[in-house]
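Engineer: What follows is a single structure, and I will ask about it in a moment.
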Amino acid sequence: MAKAKVFSLDTYKKKSKLGASEYQIRVSDDLVVTLYNPLRVADDKRERLFELAESIGAAPKEAQDDWAEVGADKPEITMADVNEYAKVAREIIELVGDENVGLLVEGIGNDLQVLFDIFQDYFEAVGLGEASSSEG
């Protein structure tokens, strides 16, 4: 009788690490903050993450395009929309970040362009697509 093949949990952990489970940002010479894939965070955080992701009404890139193209046939993005997006993006980063994520958020400060760029790059890096909702 042939012996059944035994798989290793360590193999699966290493394999999943090769996928985009983490997104790391160097905050200073001696500090790297890790943002984890939403599938890698605690259940309560993951539930809140998906609530927040569904609540996003407009991506900052769309807002930038609107500001650059006055009179374009795109939905009007208000400052309230941009502020709400910033609030959601910041909370998502805080939820997926490691114990030092506060230092990353502090470093971003009020610079929404940096916040939106990090948020967008994080979403793309962990394989979640673009950080925006579809128009409909």
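Residue names in the structure tokens use chain letters A, B, ... in the order shown, residue numbers from 1 in each chain, and ligand numbers from 1 in the order shown.
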If you count only C-alpha atoms, which residues fall within 9 Å of Gln24 (chain A), apart from same-chain ones fewer than 4 positions away, as a PyMOL selection string?
Structural biologist: chain A and resi 32-36+122
Engineer: Using only C-alpha atoms, which residues sit within 12 Å of Leu31 (chain A) once same-chain residues fewer than 3 positions away are excluded, as a list of chain:residue names?
Structural biologist: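 My reading of the contact set: A:Gln24, A:Ile25, A:Arg26, A:Val27, A:Ser28, A:Thr34, A:Asp98, A:Glu99, A:Asn100, A:Val101, A:Gly102, A:Leu103, A:Leu104, A:Gly107.
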Engineer: Can you spit out the residues from that selection as a short mmCIF file (atom, residue, chain, number, x, y, z; two decimals), in the first residue's frame, using C-alpha atoms?
Structural biologist:
data_model
loop_
_atom_site.label_atom_id
_atom_site.label_comp_id
_atom_site.auth_asym_id
_atom_site.auth_seq_id
_atom_site.Cartn_x
_atom_site.Cartn_y
_atom_site.Cartn_z
CA GLN A 24 6.03 47.22 4.22
CA ILE A 25 6.82 50.92 4.48
CA ARG A 26 10.06 52.28 5.88
CA VAL A 27 9.11 55.08 8.27
CA SER A 28 12.66 55.83 9.42
CA THR A 34 3.96 46.30 8.03
CA ASP A 98 1.39 46.31 12.94
CA GLU A 99 2.05 47.67 16.44
CA ASN A 100 3.99 50.65 14.98
CA VAL A 101 1.31 51.81 12.55
CA GLY A 102 0.66 54.87 14.72
CA LEU A 103 4.11 56.15 13.78
CA LEU A 104 3.27 55.76 10.09
CA GLY A 107 4.36 60.64 9.75
#
Engineer: Distance CA of Lys87 (chain A)-CA of Asp29 (chain A), one decimal place?
Structural biologist: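 Between CA of Lys87 (chain A) and CA of Asp29 (chain A) the gap is 27.6 Å.
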Engineer: Work out how far CA of Leu39 (chain A) is from CA of Ala86 (chain A), in Å to one decimal.
Structural biologist: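 It comes out at 22.2 Å.
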Engineer: How many Å separate CA of Val96 (chain A) from CA of Val82 (chain A)?
Structural biologist: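 Between CA of Val96 (chain A) and CA of Val82 (chain A) the gap works out to 21.1 Å.
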Engineer: Would you please work out which residue, of A:Val6, A:Ile77, A:Glu91, A:Glu84, is nearest to Arg48 (chain A) when using only C-alpha atoms?
Structural biologist: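 Going through A:Val6, A:Ile77, A:Glu91, A:Glu84 one by one, the smallest distance to Arg48 (chain A) is for A:Glu91.
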Engineer: For Asp111 (chain A), which of A:Ala2, A:Arg90, A:Asn37, A:Ala42 is the closest residue, counting only C-alpha atoms?
Structural biologist: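 Of all the options, A:Arg90 lies closest to Asp111 (chain A).
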